[in-house]
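J.: Right, I'll just put the structure down here and ask away after.
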Amino acid sequence: MTVRAAAEAPAAARTARRRRLAGRATPYLFLAPGLVLFGGLILYPMARAFQMSFYDWKVLAGATSTFIGLDNYARAAGDPVFWRGLANSGVYMALSVPPQIALGLLIAMLLKAKSPSQPVYRVLFYLPVITSWVVASLLFKYLFADKGLINWALGDVLHLGDGSTSWLSSRWTALVAICALGVWKGIGWSMMIFLAALQGVPQSLEEAATMDGANRWQRFRVVTVPAIRPTLGFVVVMLVIGGFNVFTSVLLMTAGGPGGQTEVLLTYMYRQAFSNLNFGYGSAIAVLLTVIVFVLTLIQMRLFNTSEKDER
Amino acid sequence: MKTLQRTRPAAAVLRHMLLAVGALVMLTPFVYMVSTSFKSQAYVLTIPPQFVPNPATLNNYIQVLTTQDFAAYFMNSVAVATTSTVISVLISSMTAYAFARFRFAGRELLFRLVLVGLMVPAMMLIIPQFIIAKQLGLIDSLPGLVVFYVAGSISLNTFLLLGFFQTIEGELFEAMQVDGANAWTRYWRLVMPLSTPALATTTIFTFLATWDEFAWALTIINDPAKRTLPLAIELFQGQNATQWGLVFAASVIAVLPVIVVFLIFQKYFVQGLSSGAVKG
């Protein structure tokens, strides 16, 4: 009996220890598949992009890549196409973000009150969001064609100009067309986000403002805007990031042309990497873009946070 | 004067007019796309434009479905999007479960790393990812699409699911633990069934994102037999003088499943959007 107990004790301790170890390993086992994929195919490439940006990277097997320090960045600084791409990305942001916010918010305000037609409108305005970028880009290329619907609408229906603008063959008109696509495709998203936020605006505040004789615009400014300020901040940040990420629409509508006039940062990066095989230079552009987006995000977050604090 | 005093009905009329005009502007491109898909090439770019095709023809659809290997591209897209979605939702839910229910060394750090993935746009990584795919022999293969789509969706899905998992009552877990259920059983039999709404949301968003993905497919797929729908449609457009009728017949076929999914699962879209961070 005692002999047996003595023999069993270490065994029991061993299973207990094994169970404890297994217990400690459990979360890591659950994490493993996700983190291995994420680490290997997202985090590692991030580090690689950073590293490659300091090299004259050779794609071909056998060729050695040489470390060239900041040369790729210096090249970007002196590359007019890079600067034009940056400017075009900035123009895209400036022309597409404000309308998405203003119109998205306007539609959300109009749809705020529950009515039988509300769900139908919500679906209609959201449809462009779920349409693939490839389809939407080709559709807008077609709409903005020389003999397309837009020229017909401007010339023959609205009588604005002669309706013979060759939209996609010069820089500014092409950017307008690309922005029009961005706005058309994005309004539904900001509308949905604002609609959710507007449900949270306290009804009592609205009523109190009405009693005080505030008109619609005053109520909007004094009650609605402060109440949805965090959402407004979130939408601005997301749209600005999205604006700098514009790629597919530009590639399919103008391919950066004519003569690189409508190149944005990402199409230029893509061309440098996969047409010219300048992987190092392409990586440098990608790193620069990441830094720009990151800094802009921080600035905006700071901006929206402080203005919130000021009001308290 | 009477109308001025009774502002409410006037405001309602104005509201409906604005909405109707807005909806009309938003819908016109779709209507025109569908109408063009029923036109022969001669009627595709005419002034004034034809909204109702005359003569209408089914030729574009017939040509897309029979002579252009379109069925194969469609099946490629179905296979890639379905596989990526199932794997991603499964893996992300496991990751989210670990973060939601366990305290372990390195938890904070690992979670921050996952959040980094939310901030880095996919296009920034495309050059090194291409090199890695090449080293792994994943160029020109559908698994090459799946693996990277899954990796790219883990951050967002983990984040969305974690928010939901954290709302599940801790007592339920303790009760199951007392009954001797191990961690896997608790995950599979408790967390997953209770989280159907959140799982539906992540499933739908992942499916749509992978169904529409273009840049990565453009980068690694060369073999015509391995094209997905976005690639195939883009190439229709690139061939000779653009056959717009053909392009839009293909587009309509590609967009229809998405619209159907959206109409059926609308409420999950709204939930996903309001839990933040999802940009279509």
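Quick note on naming: the chains in the structure tokens go A, B, ... in the order shown, residues restart at 1 in each chain, and ligands are numbered from 1 in order of appearance.
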Tell me which protein, DNA and RNA residues are within 6 Å of segment 93-100 of chain A, counting only C-alpha atoms, leaving out same-chain ones fewer than 6 positions away, and put them as a list in words.
T.: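 Selected residues are Cys179, Val183, Ile187 and Gly243 of chain A.
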J.: With N, CA and C atoms retained, could you export that selection as a compact mmCIF listing (two decimals), in the first residue's frame?
T.:
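As written to disk, selection-v4.txt reads:
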# COMPACT_ATOMS: atom_id res chain seq x y z
N CYS A 179 -11.50 61.31 -59.57
CA CYS A 179 -12.10 61.74 -58.29
C CYS A 179 -13.60 61.49 -58.29
N VAL A 183 -15.63 59.54 -55.43
CA VAL A 183 -16.76 60.09 -54.67
C VAL A 183 -17.98 59.18 -54.83
N ILE A 187 -19.36 57.56 -51.23
CA ILE A 187 -20.43 58.24 -50.48
C ILE A 187 -21.21 57.26 -49.60
N GLY A 243 -7.50 57.73 -49.71
CA GLY A 243 -7.15 58.62 -50.82
C GLY A 243 -5.72 58.42 -51.28
J.: Write out as a PDB file with C-alpha atoms, in the first residue's frame each polymer residue whose atoms come within 10 Å of Asn222 of chain B, counting only C-alpha atoms; drop sequence neighbours fewer than 3 positions from it.
T.:
ATOM      1  CA  ILE B 139       3.780  32.617 -58.421  1.00  0.00           C
ATOM      2  CA  ASP B 140       1.138  31.828 -61.017  1.00  0.00           C
ATOM      3  CA  SER B 141      -0.918  29.654 -58.692  1.00  0.00           C
ATOM      4  CA  ALA B 217      -3.739  38.832 -58.735  1.00  0.00           C
ATOM      5  CA  LEU B 218      -2.404  41.132 -61.445  1.00  0.00           C
ATOM      6  CA  THR B 219       1.064  40.803 -59.947  1.00  0.00           C
ATOM      7  CA  ALA B 225      -6.099  29.450 -67.086  1.00  0.00           C
ATOM      8  CA  LYS B 226      -5.592  30.860 -63.576  1.00  0.00           C
ATOM      9  CA  ARG B 227      -7.228  34.255 -64.069  1.00  0.00           C
ATOM     10  CA  LEU B 231      -8.245  40.089 -64.117  1.00  0.00           C
TER      11      LEU B 231
END
J.: Which polymer residues have any atom within 7 Å of an atom of Gly245 of chain B, counting only C-alpha atoms, with same-chain residues fewer than 3 positions away left out, as a list in words?
T.: Thr36, Ser37, Phe38, Lys39, Ser40, Gln41, Val44, Asn60, Phe248 and Ala249 of chain B
J.: Keeping only N, CA and C atoms, write those residues as a compact mmCIF listing (two decimals), in the first residue's frame.
T.:
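The result, stored in again07.txt:
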# COMPACT_ATOMS: atom_id res chain seq x y z
N THR B 36 -25.81 48.82 -71.70
CA THR B 36 -24.74 48.62 -72.67
C THR B 36 -24.44 47.14 -72.88
N SER B 37 -24.61 46.36 -71.82
CA SER B 37 -24.28 44.94 -71.95
C SER B 37 -25.24 44.24 -72.92
N PHE B 38 -26.36 44.89 -73.25
CA PHE B 38 -27.31 44.31 -74.21
C PHE B 38 -27.21 44.97 -75.59
N LYS B 39 -26.12 45.74 -75.82
CA LYS B 39 -25.99 46.42 -77.11
C LYS B 39 -24.89 45.77 -77.92
N SER B 40 -25.05 45.82 -79.25
CA SER B 40 -23.93 45.39 -80.08
C SER B 40 -22.97 46.57 -80.23
N GLN B 41 -21.74 46.25 -80.63
CA GLN B 41 -20.66 47.24 -80.62
C GLN B 41 -21.03 48.54 -81.34
N VAL B 44 -22.68 51.22 -79.01
CA VAL B 44 -22.13 51.33 -77.68
C VAL B 44 -21.83 52.77 -77.27
N ASN B 60 -23.57 39.48 -76.33
CA ASN B 60 -22.45 39.68 -75.43
C ASN B 60 -22.40 38.62 -74.36
N PHE B 248 -19.07 44.78 -70.20
CA PHE B 248 -20.11 45.00 -69.20
C PHE B 248 -20.99 43.77 -69.00
N ALA B 249 -21.11 42.92 -70.02
CA ALA B 249 -21.80 41.65 -69.78
C ALA B 249 -21.03 40.86 -68.73
J.: Which of these, B:Leu162, B:Leu113, B:Ala81, B:Leu19, has the shortest distance to Tyr44 of chain A once you count only C-alpha atoms?
T.: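 Checking each candidate against Tyr44 of chain A, we get B:Leu113 as the closest.
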J.: Could you pull the residues within 10 Å of Ala153 of chain A, counting only C-alpha atoms, minus those fewer than 4 positions along the same chain, as a list in words?
T.: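 Near Ala153 of chain A, the qualifying residues are Gly148, Leu149, Val157, Leu158, His159, Leu160 and Gly163 of chain A; Ile47, Pro48 and Pro49 of chain B.
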J.: When you count only C-alpha atoms, which of these residues is closest to Thr297 of chain A: A:Phe82, A:Phe279, A:Gly242, A:Gly104?
T.: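 The closest residue to Thr297 of chain A is A:Gly242.
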J.: Between A:Ala209, A:Leu70, A:Val176, A:Leu143, which one has atoms that come closest to chain B, using only C-alpha atoms?
T.: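 Under the stated criterion, the closest residue is A:Leu143.
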J.: If we count only C-alpha atoms, what is near segment 118-123 of chain B at a cut-off of 10 Å, once residues fewer than 5 positions away on the same chain are taken out, given as a PyMOL selection string?
T.: (chain A and resi 42-43+46+241-242+244-247+266-267+269-270+286+289-290+293-294+297) or (chain B and resi 113+129+149+152-157+159+215-216+277-278)
J.: Could you please take those selected residues and save N, CA and C atoms as a short mmCIF file (atom, residue, chain, number, x, y, z; two decimals), in the first residue's frame?
T.:
data_model
loop_
_atom_site.label_atom_id
_atom_site.label_comp_id
_atom_site.auth_asym_id
_atom_site.auth_seq_id
_atom_site.Cartn_x
_atom_site.Cartn_y
_atom_site.Cartn_z
N ILE A 42 3.13 39.34 -43.62
CA ILE A 42 2.81 40.76 -43.46
C ILE A 42 3.95 41.49 -42.73
N LEU A 43 4.30 41.02 -41.52
CA LEU A 43 5.34 41.73 -40.76
C LEU A 43 6.70 41.60 -41.41
N MET A 46 7.12 43.78 -44.32
CA MET A 46 7.29 45.18 -43.92
C MET A 46 8.76 45.48 -43.68
N ILE A 241 -6.48 58.12 -45.67
CA ILE A 241 -5.65 56.93 -45.92
C ILE A 241 -6.07 56.29 -47.26
N GLY A 242 -7.39 56.15 -47.43
CA GLY A 242 -7.90 55.57 -48.68
C GLY A 242 -7.50 56.41 -49.88
N PHE A 244 -4.81 58.25 -50.31
CA PHE A 244 -3.41 58.02 -50.69
C PHE A 244 -3.20 56.63 -51.25
N ASN A 245 -4.17 55.74 -51.02
CA ASN A 245 -4.05 54.38 -51.53
C ASN A 245 -4.69 54.18 -52.88
N VAL A 246 -5.10 55.26 -53.52
CA VAL A 246 -5.76 55.13 -54.81
C VAL A 246 -4.80 54.45 -55.80
N PHE A 247 -5.27 53.40 -56.45
CA PHE A 247 -4.41 52.65 -57.36
C PHE A 247 -5.18 52.09 -58.54
N LEU A 266 1.14 55.29 -55.91
CA LEU A 266 1.13 53.82 -55.97
C LEU A 266 1.28 53.29 -57.40
N THR A 267 0.69 53.98 -58.38
CA THR A 267 0.88 53.49 -59.76
C THR A 267 2.34 53.66 -60.16
N MET A 269 4.94 53.63 -58.10
CA MET A 269 5.68 52.58 -57.40
C MET A 269 5.55 51.25 -58.15
N TYR A 270 4.33 50.95 -58.54
CA TYR A 270 4.07 49.67 -59.21
C TYR A 270 4.83 49.60 -60.53
N ALA A 286 7.35 53.10 -51.56
CA ALA A 286 6.36 52.51 -50.66
C ALA A 286 6.61 52.95 -49.22
N LEU A 289 5.56 56.57 -48.77
CA LEU A 289 4.10 56.69 -48.72
C LEU A 289 3.56 56.26 -47.34
N THR A 290 4.12 55.14 -46.83
CA THR A 290 3.69 54.67 -45.51
C THR A 290 3.94 55.75 -44.46
N VAL A 293 1.42 58.65 -44.84
CA VAL A 293 0.09 58.28 -44.35
C VAL A 293 0.08 58.24 -42.82
N PHE A 294 1.15 57.68 -42.25
CA PHE A 294 1.23 57.56 -40.80
C PHE A 294 1.24 58.94 -40.14
N THR A 297 -2.12 60.63 -40.40
CA THR A 297 -3.07 60.04 -39.47
C THR A 297 -2.86 60.58 -38.07
N LEU B 113 1.16 44.04 -32.37
CA LEU B 113 1.68 43.67 -33.70
C LEU B 113 0.52 43.41 -34.67
N GLN B 129 6.36 41.03 -50.91
CA GLN B 129 5.49 39.85 -50.96
C GLN B 129 5.69 39.08 -52.27
N TYR B 149 -4.12 36.31 -49.39
CA TYR B 149 -5.41 36.90 -49.01
C TYR B 149 -5.72 36.61 -47.55
N GLY B 152 -3.48 38.66 -45.31
CA GLY B 152 -3.85 40.07 -45.33
C GLY B 152 -5.14 40.37 -44.59
N SER B 153 -5.96 39.36 -44.34
CA SER B 153 -7.25 39.63 -43.70
C SER B 153 -7.25 39.30 -42.20
N ILE B 154 -6.16 38.71 -41.71
CA ILE B 154 -6.14 38.25 -40.32
C ILE B 154 -6.31 39.40 -39.32
N SER B 155 -5.59 40.50 -39.54
CA SER B 155 -5.65 41.63 -38.60
C SER B 155 -7.08 42.10 -38.39
N LEU B 156 -7.71 42.47 -39.49
CA LEU B 156 -9.05 43.05 -39.40
C LEU B 156 -10.04 42.06 -38.81
N ASN B 157 -10.00 40.81 -39.26
CA ASN B 157 -10.95 39.82 -38.78
C ASN B 157 -10.75 39.51 -37.30
N PHE B 159 -9.52 41.52 -35.12
CA PHE B 159 -9.99 42.70 -34.41
C PHE B 159 -11.51 42.71 -34.28
N ALA B 215 -5.02 43.90 -57.46
CA ALA B 215 -3.59 44.23 -57.58
C ALA B 215 -2.70 43.00 -57.40
N TRP B 216 -2.97 42.19 -56.37
CA TRP B 216 -2.11 41.05 -56.11
C TRP B 216 -2.27 39.99 -57.23
N ALA B 277 -13.71 50.43 -38.49
CA ALA B 277 -12.50 49.97 -39.17
C ALA B 277 -12.71 49.20 -40.47
N VAL B 278 -13.92 49.09 -40.98
CA VAL B 278 -14.08 48.38 -42.24
C VAL B 278 -14.32 49.36 -43.37
#
J.: Show me, as a PyMOL selection string, every residue of chain B with an atom at most 7 Å from chain A, counting only C-alpha atoms.
T.: chain B and resi 15+23+26+33+45-49+91-92+94-95+98+102+124-125+127-129+148+151-152+154+212+230+234+251+255+273-274+280
J.: Please produce a file of the residues just selected, as an mmCIF file, in the first residue's frame, where the atoms kept are N, CA and C atoms.
T.:
data_model
loop_
_atom_site.group_PDB
_atom_site.id
_atom_site.type_symbol
_atom_site.label_atom_id
_atom_site.label_comp_id
_atom_site.auth_asym_id
_atom_site.auth_seq_id
_atom_site.Cartn_x
_atom_site.Cartn_y
_atom_site.Cartn_z
ATOM 1 N N ARG B 15 -36.939 67.059 -48.966
ATOM 2 C CA ARG B 15 -36.118 65.926 -48.549
ATOM 3 C C ARG B 15 -36.221 64.787 -49.561
ATOM 4 N N ALA B 23 -30.296 59.540 -55.590
ATOM 5 C CA ALA B 23 -30.352 58.123 -55.938
ATOM 6 C C ALA B 23 -30.286 57.929 -57.451
ATOM 7 N N MET B 26 -26.730 58.316 -58.537
ATOM 8 C CA MET B 26 -25.923 57.174 -58.128
ATOM 9 C C MET B 26 -26.235 55.939 -58.976
ATOM 10 N N MET B 33 -24.671 50.722 -67.545
ATOM 11 C CA MET B 33 -23.825 49.541 -67.700
ATOM 12 C C MET B 33 -24.665 48.344 -68.145
ATOM 13 N N LEU B 45 -21.242 53.544 -78.156
ATOM 14 C CA LEU B 45 -20.964 54.945 -77.839
ATOM 15 C C LEU B 45 -21.676 55.827 -78.854
ATOM 16 N N THR B 46 -22.914 56.153 -78.567
ATOM 17 C CA THR B 46 -23.655 56.993 -79.495
ATOM 18 C C THR B 46 -24.142 58.225 -78.758
ATOM 19 N N ILE B 47 -24.272 59.311 -79.503
ATOM 20 C CA ILE B 47 -24.884 60.521 -78.957
ATOM 21 C C ILE B 47 -26.103 60.827 -79.805
ATOM 22 N N PRO B 48 -27.273 60.977 -79.217
ATOM 23 C CA PRO B 48 -27.586 60.776 -77.797
ATOM 24 C C PRO B 48 -27.507 59.309 -77.401
ATOM 25 N N PRO B 49 -27.191 59.058 -76.117
ATOM 26 C CA PRO B 49 -27.029 57.668 -75.676
ATOM 27 C C PRO B 49 -28.360 56.929 -75.623
ATOM 28 N N ILE B 91 -9.004 30.773 -38.856
ATOM 29 C CA ILE B 91 -7.746 31.145 -38.208
ATOM 30 C C ILE B 91 -7.918 32.404 -37.359
ATOM 31 N N SER B 92 -8.621 33.405 -37.910
ATOM 32 C CA SER B 92 -8.803 34.650 -37.166
ATOM 33 C C SER B 92 -9.607 34.420 -35.895
ATOM 34 N N MET B 94 -9.648 31.725 -34.102
ATOM 35 C CA MET B 94 -8.755 31.104 -33.127
ATOM 36 C C MET B 94 -7.854 32.149 -32.480
ATOM 37 N N THR B 95 -7.310 33.028 -33.311
ATOM 38 C CA THR B 95 -6.446 34.085 -32.791
ATOM 39 C C THR B 95 -7.223 34.979 -31.823
ATOM 40 N N ALA B 98 -7.861 33.320 -28.459
ATOM 41 C CA ALA B 98 -6.695 33.333 -27.576
ATOM 42 C C ALA B 98 -6.558 34.692 -26.897
ATOM 43 N N PHE B 102 -7.521 34.306 -22.742
ATOM 44 C CA PHE B 102 -6.322 33.873 -22.025
ATOM 45 C C PHE B 102 -5.445 35.055 -21.632
ATOM 46 N N MET B 124 1.534 48.552 -49.969
ATOM 47 C CA MET B 124 2.897 48.882 -49.537
ATOM 48 C C MET B 124 3.785 47.646 -49.524
ATOM 49 N N LEU B 125 3.155 46.478 -49.358
ATOM 50 C CA LEU B 125 3.941 45.266 -49.145
ATOM 51 C C LEU B 125 4.101 44.451 -50.416
ATOM 52 N N ILE B 127 5.803 44.552 -53.167
ATOM 53 C CA ILE B 127 7.118 44.196 -53.735
ATOM 54 C C ILE B 127 7.773 43.059 -52.940
ATOM 55 N N PRO B 128 7.975 43.228 -51.616
ATOM 56 C CA PRO B 128 8.564 42.097 -50.879
ATOM 57 C C PRO B 128 7.676 40.846 -50.907
ATOM 58 N N GLN B 129 6.362 41.028 -50.907
ATOM 59 C CA GLN B 129 5.488 39.846 -50.962
ATOM 60 C C GLN B 129 5.690 39.085 -52.269
ATOM 61 N N PHE B 148 -1.939 34.593 -49.436
ATOM 62 C CA PHE B 148 -1.715 36.008 -49.155
ATOM 63 C C PHE B 148 -3.024 36.730 -48.814
ATOM 64 N N ALA B 151 -3.520 35.887 -45.122
ATOM 65 C CA ALA B 151 -2.600 36.651 -44.280
ATOM 66 C C ALA B 151 -3.046 38.112 -44.181
ATOM 67 N N GLY B 152 -3.483 38.662 -45.309
ATOM 68 C CA GLY B 152 -3.855 40.070 -45.333
ATOM 69 C C GLY B 152 -5.143 40.372 -44.591
ATOM 70 N N ILE B 154 -6.163 38.707 -41.714
ATOM 71 C CA ILE B 154 -6.141 38.250 -40.318
ATOM 72 C C ILE B 154 -6.312 39.397 -39.322
ATOM 73 N N ASP B 212 -13.138 40.630 -55.124
ATOM 74 C CA ASP B 212 -12.826 41.822 -55.922
ATOM 75 C C ASP B 212 -11.335 42.086 -56.077
ATOM 76 N N PRO B 230 -11.746 39.676 -61.764
ATOM 77 C CA PRO B 230 -11.267 41.049 -62.007
ATOM 78 C C PRO B 230 -10.201 41.104 -63.098
ATOM 79 N N GLU B 234 -10.627 42.971 -66.765
ATOM 80 C CA GLU B 234 -9.667 44.006 -67.163
ATOM 81 C C GLU B 234 -9.057 43.659 -68.524
ATOM 82 N N SER B 251 -18.989 42.151 -66.540
ATOM 83 C CA SER B 251 -19.078 42.878 -65.270
ATOM 84 C C SER B 251 -20.379 42.580 -64.552
ATOM 85 N N VAL B 255 -20.727 41.160 -60.836
ATOM 86 C CA VAL B 255 -21.263 41.999 -59.767
ATOM 87 C C VAL B 255 -22.541 41.414 -59.156
ATOM 88 N N LEU B 273 -19.920 47.516 -40.184
ATOM 89 C CA LEU B 273 -19.483 48.886 -40.387
ATOM 90 C C LEU B 273 -19.486 49.657 -39.085
ATOM 91 N N SER B 274 -20.534 49.434 -38.253
ATOM 92 C CA SER B 274 -20.600 50.248 -37.049
ATOM 93 C C SER B 274 -19.645 49.752 -35.980
ATOM 94 N N GLY B 280 -14.908 49.590 -47.355
ATOM 95 C CA GLY B 280 -15.213 48.752 -48.513
ATOM 96 C C GLY B 280 -14.361 49.019 -49.715
#
J.: Please report the interatomic distance between atom CA of Gln166 of chain B and atom CA of Ile204 of chain B in Å with one decimal.
T.: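 Atom CA of Ile204 of chain B lies 21.0 Å from atom CA of Gln166 of chain B.
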J.: Which parts of segment 22-80 of chain B does DSSP call helix (DSSP H, G or I) when run on the backbone here, written out as a CSV table (one decimal) with C-alpha atoms, in the first residue's frame?
T.:
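Generated file (part_37.csv):
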chain,number,residue,atom,x,y,z
B,22,GLY,CA,-29.3,61.7,-55.5
B,23,ALA,CA,-30.4,58.1,-55.9
B,24,LEU,CA,-30.9,58.8,-59.6
B,25,VAL,CA,-27.4,60.1,-60.1
B,26,MET,CA,-25.9,57.2,-58.1
B,27,LEU,CA,-27.9,54.6,-60.1
B,28,THR,CA,-27.5,56.0,-63.6
B,29,PRO,CA,-24.0,54.4,-64.1
B,30,PHE,CA,-25.4,51.0,-63.2
B,31,VAL,CA,-28.4,51.4,-65.5
B,32,TYR,CA,-26.2,52.4,-68.3
B,33,MET,CA,-23.8,49.5,-67.7
B,34,VAL,CA,-26.6,47.0,-67.8
B,35,SER,CA,-28.1,48.6,-70.9
B,36,THR,CA,-24.7,48.6,-72.7
B,37,SER,CA,-24.3,44.9,-71.9
B,41,GLN,CA,-20.7,47.2,-80.6
B,42,ALA,CA,-22.2,49.6,-83.2
B,43,TYR,CA,-24.5,51.1,-80.6
B,59,ASN,CA,-24.8,38.2,-78.0
B,60,ASN,CA,-22.4,39.7,-75.4
B,61,TYR,CA,-23.6,37.3,-72.7
B,62,ILE,CA,-23.5,34.4,-75.1
B,63,GLN,CA,-20.0,35.2,-76.2
B,64,VAL,CA,-18.8,35.8,-72.7
B,65,LEU,CA,-20.2,32.5,-71.4
B,66,THR,CA,-19.2,30.3,-74.4
B,70,PHE,CA,-15.4,33.0,-68.6
B,71,ALA,CA,-16.9,30.0,-66.8
B,72,ALA,CA,-13.4,28.9,-65.8
B,73,TYR,CA,-12.5,32.4,-64.5
B,74,PHE,CA,-15.8,32.5,-62.6
B,75,MET,CA,-15.0,29.2,-61.0
B,76,ASN,CA,-11.4,30.3,-60.2
B,77,SER,CA,-12.9,33.3,-58.3
B,78,VAL,CA,-15.4,31.2,-56.5
B,79,ALA,CA,-12.7,28.7,-55.4
B,80,VAL,CA,-10.2,31.4,-54.3
J.: So, with only C-alpha atoms as the atoms that count, which of B:Ile220, B:Ala250, B:Ala20, B:Leu136 lies closest to Ala232 of chain B?
T.: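 Once distances to Ala232 of chain B are computed over only C-alpha atoms, the minimum belongs to B:Ala250.
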J.: Just the number, please: distance in Å from atom CA of Val237 of chain A to atom CA of Leu86 of chain A, one decimal.
T.: 18.1 Å
J.: Mind checking which residues fall within 10 Å of Ala87 of chain A, counting only C-alpha atoms, ignoring those fewer than 6 positions away in the same chain, and posting them as a ChimeraX atom specification?
T.: /A:81,93,262-265
